[in-house]
Structure formats: C-alpha cells, structure tokens
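As structure tokens, the structure follows; a few thoughts come after it.
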Amino acid sequence: MLLYQDIIKDDNPILRNKSEDVTLPLSDEDIATIEKINEYLVNGYDKEKVEKFGIRPAYGLAAPQIGVFKKIFVILATDETGKTHHYGVINPKIISHSEEKVYLPGGEGCLSVDRNVDGFVHRHKRVKAKVWLYDFIEKTVREEILKLENLMAIIFQHEYDHLFGILFYDHIDKNNPFFIQNNSTGLTFITNDEEK
C-alpha cells in the first residue's frame, strides 16, 4: 500500500526527469503501477484510512511521483457540477486547448510539494487530449479523446506536467505571483485545501 511518505518530494531532482511512453498492451508491472496509484487516491476518500495511515488526500497522482518514469497518471475528482471523474490515463497527448485560461484563487497544491506556495497558476480553461484509458473494473485499455474544462482541465494539466518534469510552481510569475492575465479568470467554487 502506497503511503504519503512514499511520494517523491520536490527536493529530489529526479522529479524533473521526463517520462517515457508506455508500451501497449500493458505489462504486469505497468498495471501494478496504475493500480497502486489508484489505490492511494481511493484511500484518500476514506477518512479512517486517512487518519490511520497519514494519507494526504489528492485529486491526482502521476507515476513519476512514485519513481516510475512512465506516462501514467490517475485522476479521481468531483467537478463543479458534482460529477465524479475517474481516469487511469496512459500516454496522454494534449491535442488542442482554449486560449482562455483559468486559475484557482487559493493556488494549487501537490503531493510532492509539502508546503504552501503562493501564486496563481494560469492554465487552459479547456483541453482536448488523446489518451489511452485504463478501466479499473474490466482491467482493459481503450483509446479515447477526453474533453475537459475548468477544474478537471486544471487537474489534467497539473498531472500531465509531471510527465515532463514540470511542477505547478514553475508556472507562477516569479516577479508578480498574483499577476492576473487578461484572458484568465479565477474559479471561485474551490478552495486551496481541496486542490492537491
């Protein structure tokens, strides 16, 4: 079982490594990786396990954060309409995005960054990505086009960045952390404590 202390923190330079494409069909090792990541996120919604094992809840987790440099991440989050999104993402490629941007007024957080980092991270409001999705029930993989917006687009881009060695605070304007771009608006339905 994956614990919070197993997640690589940003003081470790290996987090800056770029990840490799996953070979399909999935190997047993790759299936184990995606299942382990998923288990951590699921456990984050279980209050007893959070307290017992010191799990820090999160909306997403990427393979590089556990030392596996493959293009794999999992998202388990509820959007602003109350719909739950659960994706086992493999070999994602963003193929288009909006010019319009959004940011979380409370800032972003990350399991690999165990401190608050002040500043706005401006991300595309909408993204379209070609992905292979892992089905956690059927244990199968299918190719799909994901179209995401607002919070889900933010989470997707955050995890996608990990595959290229990019951390959320790399996007914060160093001279003016709270600079608001002309084409960017804040999402007001979520707080910093909820975005991990």
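Labels for the structure tokens follow display order: chains A, B, ..., residues from 1 in each chain, ligands from 1.
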Might you pull out every residue within 10 Å of Ile155 in chain A, with only C-alpha atoms counted and same-chain residues fewer than 5 positions away left off, and present them as a PDB file with N, CA and C atoms, in the first residue's frame?
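Okay, this is what ended up in out.pdb:
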```pdb
ATOM      1  N   TYR A  59      -6.428  14.822  -5.687  1.00  0.00           N
ATOM      2  CA  TYR A  59      -7.286  14.632  -6.865  1.00  0.00           C
ATOM      3  C   TYR A  59      -6.564  13.853  -7.963  1.00  0.00           C
ATOM      4  N   GLY A  60      -5.243  13.830  -7.904  1.00  0.00           N
ATOM      5  CA  GLY A  60      -4.491  13.141  -8.949  1.00  0.00           C
ATOM      6  C   GLY A  60      -3.108  12.775  -8.457  1.00  0.00           C
ATOM      7  N   LEU A  61      -2.514  11.803  -9.128  1.00  0.00           N
ATOM      8  CA  LEU A  61      -1.157  11.364  -8.799  1.00  0.00           C
ATOM      9  C   LEU A  61      -0.545  10.767 -10.062  1.00  0.00           C
ATOM     10  N   ILE A  75      -6.597  10.251 -12.138  1.00  0.00           N
ATOM     11  CA  ILE A  75      -7.397  11.358 -11.595  1.00  0.00           C
ATOM     12  C   ILE A  75      -8.645  10.762 -10.959  1.00  0.00           C
ATOM     13  N   LEU A  76      -8.952  11.222  -9.760  1.00  0.00           N
ATOM     14  CA  LEU A  76     -10.192  10.848  -9.085  1.00  0.00           C
ATOM     15  C   LEU A  76     -10.693  12.105  -8.380  1.00  0.00           C
ATOM     16  N   ALA A  77     -11.661  12.778  -9.019  1.00  0.00           N
ATOM     17  CA  ALA A  77     -12.101  14.082  -8.514  1.00  0.00           C
ATOM     18  C   ALA A  77     -13.541  14.355  -8.925  1.00  0.00           C
ATOM     19  N   GLU A 108      -2.568  26.334  -6.331  1.00  0.00           N
ATOM     20  CA  GLU A 108      -2.543  24.879  -6.484  1.00  0.00           C
ATOM     21  C   GLU A 108      -1.672  24.269  -5.396  1.00  0.00           C
ATOM     22  N   ARG A 123      -3.902  28.217 -16.250  1.00  0.00           N
ATOM     23  CA  ARG A 123      -3.957  27.042 -17.125  1.00  0.00           C
ATOM     24  C   ARG A 123      -5.097  27.197 -18.132  1.00  0.00           C
ATOM     25  N   LEU A 148     -12.049  18.208 -21.440  1.00  0.00           N
ATOM     26  CA  LEU A 148     -12.189  18.626 -20.047  1.00  0.00           C
ATOM     27  C   LEU A 148     -12.168  20.144 -19.948  1.00  0.00           C
ATOM     28  N   GLU A 149     -12.864  20.655 -18.913  1.00  0.00           N
ATOM     29  CA  GLU A 149     -12.850  22.101 -18.714  1.00  0.00           C
ATOM     30  C   GLU A 149     -12.803  22.444 -17.226  1.00  0.00           C
ATOM     31  N   ASN A 150     -12.442  23.697 -16.974  1.00  0.00           N
ATOM     32  CA  ASN A 150     -12.380  24.241 -15.626  1.00  0.00           C
ATOM     33  C   ASN A 150     -11.532  23.371 -14.692  1.00  0.00           C
ATOM     34  N   TYR A 160      -0.348  16.082 -16.127  1.00  0.00           N
ATOM     35  CA  TYR A 160       0.346  15.996 -17.417  1.00  0.00           C
ATOM     36  C   TYR A 160       1.745  16.603 -17.302  1.00  0.00           C
ATOM     37  N   ASP A 161       1.833  17.742 -16.603  1.00  0.00           N
ATOM     38  CA  ASP A 161       3.128  18.403 -16.418  1.00  0.00           C
ATOM     39  C   ASP A 161       4.145  17.488 -15.743  1.00  0.00           C
ATOM     40  N   GLU A 195      -7.704  21.424  -3.450  1.00  0.00           N
ATOM     41  CA  GLU A 195      -6.928  21.143  -4.665  1.00  0.00           C
ATOM     42  C   GLU A 195      -5.538  20.676  -4.283  1.00  0.00           C
ATOM     43  N   LYS A 196      -5.282  19.424  -4.525  1.00  0.00           N
ATOM     44  CA  LYS A 196      -3.979  18.869  -4.198  1.00  0.00           C
ATOM     45  C   LYS A 196      -3.281  18.440  -5.471  1.00  0.00           C
TER      46      LYS A 196
END
```
Spatial neighbours of Glu144 in chain A, max dist 8 Å, only C-alpha atoms, sep filter under 5 positions, as a PyMOL selection string: chain A and resi 130-133
Keeping only N, CA and C atoms, write those residues as a PDB file, in the first residue's frame.
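again-v8.pdb was written with the following content:
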```pdb
ATOM      1  N   LYS A 130      -5.781  13.269 -26.445  1.00  0.00           N
ATOM      2  CA  LYS A 130      -5.853  11.882 -26.915  1.00  0.00           C
ATOM      3  C   LYS A 130      -5.157  11.030 -25.852  1.00  0.00           C
ATOM      4  N   VAL A 131      -5.869  10.049 -25.340  1.00  0.00           N
ATOM      5  CA  VAL A 131      -5.331   9.234 -24.246  1.00  0.00           C
ATOM      6  C   VAL A 131      -5.697   7.767 -24.447  1.00  0.00           C
ATOM      7  N   TRP A 132      -5.007   6.928 -23.717  1.00  0.00           N
ATOM      8  CA  TRP A 132      -5.447   5.553 -23.505  1.00  0.00           C
ATOM      9  C   TRP A 132      -5.968   5.522 -22.082  1.00  0.00           C
ATOM     10  N   LEU A 133      -7.178   5.041 -21.898  1.00  0.00           N
ATOM     11  CA  LEU A 133      -7.789   4.992 -20.572  1.00  0.00           C
ATOM     12  C   LEU A 133      -7.811   3.555 -20.048  1.00  0.00           C
TER      13      LEU A 133
END
```
Residues of range 118-178 of chain A at most 12 Å from range 2-26 of chain A: nearest atom pair and distance in Å, only C-alpha atoms, as CSV:
```
residue,atom,partner,partner_atom,distance
A:Val131,CA,A:Val22,CA,11.4
A:Trp132,CA,A:Leu24,CA,9.5
A:Leu133,CA,A:Leu26,CA,11.4
A:Tyr134,CA,A:Leu26,CA,9.6
A:Lys139,CA,A:Leu26,CA,10.0
A:Thr140,CA,A:Leu26,CA,9.0
A:Val141,CA,A:Pro25,CA,8.1
A:Arg142,CA,A:Pro25,CA,10.3
A:Glu143,CA,A:Leu24,CA,11.1
A:Tyr160,CA,A:Ser19,CA,10.3
A:Asp161,CA,A:Lys18,CA,9.5
A:His162,CA,A:Leu15,CA,7.6
A:Leu163,CA,A:Ser19,CA,5.1
A:Phe164,CA,A:Lys18,CA,4.5
A:Gly165,CA,A:Arg16,CA,3.7
A:Ile166,CA,A:Arg16,CA,6.5
A:Leu167,CA,A:Arg16,CA,8.3
A:Phe168,CA,A:Asp10,CA,10.8
A:Tyr169,CA,A:Asp10,CA,10.7
A:Asp170,CA,A:Arg16,CA,11.3
```
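Across the structure, CA of Thr81 in chain A and CA of Gln181 in chain A are spaced 25.7 Å apart.
One distance worth recording is that between CA of Leu111 in chain A and CA of Asn91 in chain A, which is 21.3 Å.
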So what do you get for CA of Asn38 in chain A versus CA of Gly82 in chain A, distance-wise? 20.1 Å
Restricting to only C-alpha atoms, whichever of A:Lys49, A:Lys93, A:Arg115, A:Arg126 is closest to Lys71 in chain A is A:Lys93
Filtered DSSP result for chain A, state helix (DSSP H, G or I), as number ranges by chain: A: 4-6, 13-16, 28-43, 47-53, 63-66, 150-162, 168-171
Just asking: which residues within range 24-188 of chain A are strand (DSSP E) according to DSSP, as a PyMOL selection string? chain A and resi 60-62+72-78+84-97+101-103+123-124+126-134+141-149+184-186
Hey, what's within 12 Å of Asn176 in chain A if we count only C-alpha atoms and toss same-chain stuff fewer than 4 positions away? As an MDAnalysis selection string, please? chainID A and resid 118:121 171:172 180:181
Restricting it to N, CA and C atoms, dump the selection as a PDB file, in the first residue's frame.
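Everything below was put into out_1.pdb:
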```pdb
ATOM      1  N   ASP A 118       2.621  30.308  -2.638  1.00  0.00           N
ATOM      2  CA  ASP A 118       1.674  31.346  -3.030  1.00  0.00           C
ATOM      3  C   ASP A 118       1.848  31.750  -4.486  1.00  0.00           C
ATOM      4  N   GLY A 119       0.712  32.020  -5.127  1.00  0.00           N
ATOM      5  CA  GLY A 119       0.757  32.500  -6.503  1.00  0.00           C
ATOM      6  C   GLY A 119      -0.266  31.798  -7.374  1.00  0.00           C
ATOM      7  N   PHE A 120      -0.608  32.459  -8.472  1.00  0.00           N
ATOM      8  CA  PHE A 120      -1.608  31.931  -9.399  1.00  0.00           C
ATOM      9  C   PHE A 120      -0.946  31.116 -10.503  1.00  0.00           C
ATOM     10  N   VAL A 121      -1.551  29.961 -10.787  1.00  0.00           N
ATOM     11  CA  VAL A 121      -1.116  29.109 -11.897  1.00  0.00           C
ATOM     12  C   VAL A 121      -2.198  29.217 -12.973  1.00  0.00           C
ATOM     13  N   HIS A 171       4.974  27.578 -13.134  1.00  0.00           N
ATOM     14  CA  HIS A 171       4.093  28.459 -13.909  1.00  0.00           C
ATOM     15  C   HIS A 171       3.802  29.785 -13.214  1.00  0.00           C
ATOM     16  N   ILE A 172       4.200  29.909 -11.960  1.00  0.00           N
ATOM     17  CA  ILE A 172       3.909  31.139 -11.210  1.00  0.00           C
ATOM     18  C   ILE A 172       4.908  32.233 -11.590  1.00  0.00           C
ATOM     19  N   ILE A 180      -2.622  38.627 -12.763  1.00  0.00           N
ATOM     20  CA  ILE A 180      -3.765  38.022 -13.449  1.00  0.00           C
ATOM     21  C   ILE A 180      -3.696  38.382 -14.930  1.00  0.00           C
ATOM     22  N   GLN A 181      -3.579  37.371 -15.757  1.00  0.00           N
ATOM     23  CA  GLN A 181      -3.527  37.585 -17.203  1.00  0.00           C
ATOM     24  C   GLN A 181      -4.880  38.073 -17.708  1.00  0.00           C
TER      25      GLN A 181
END
```
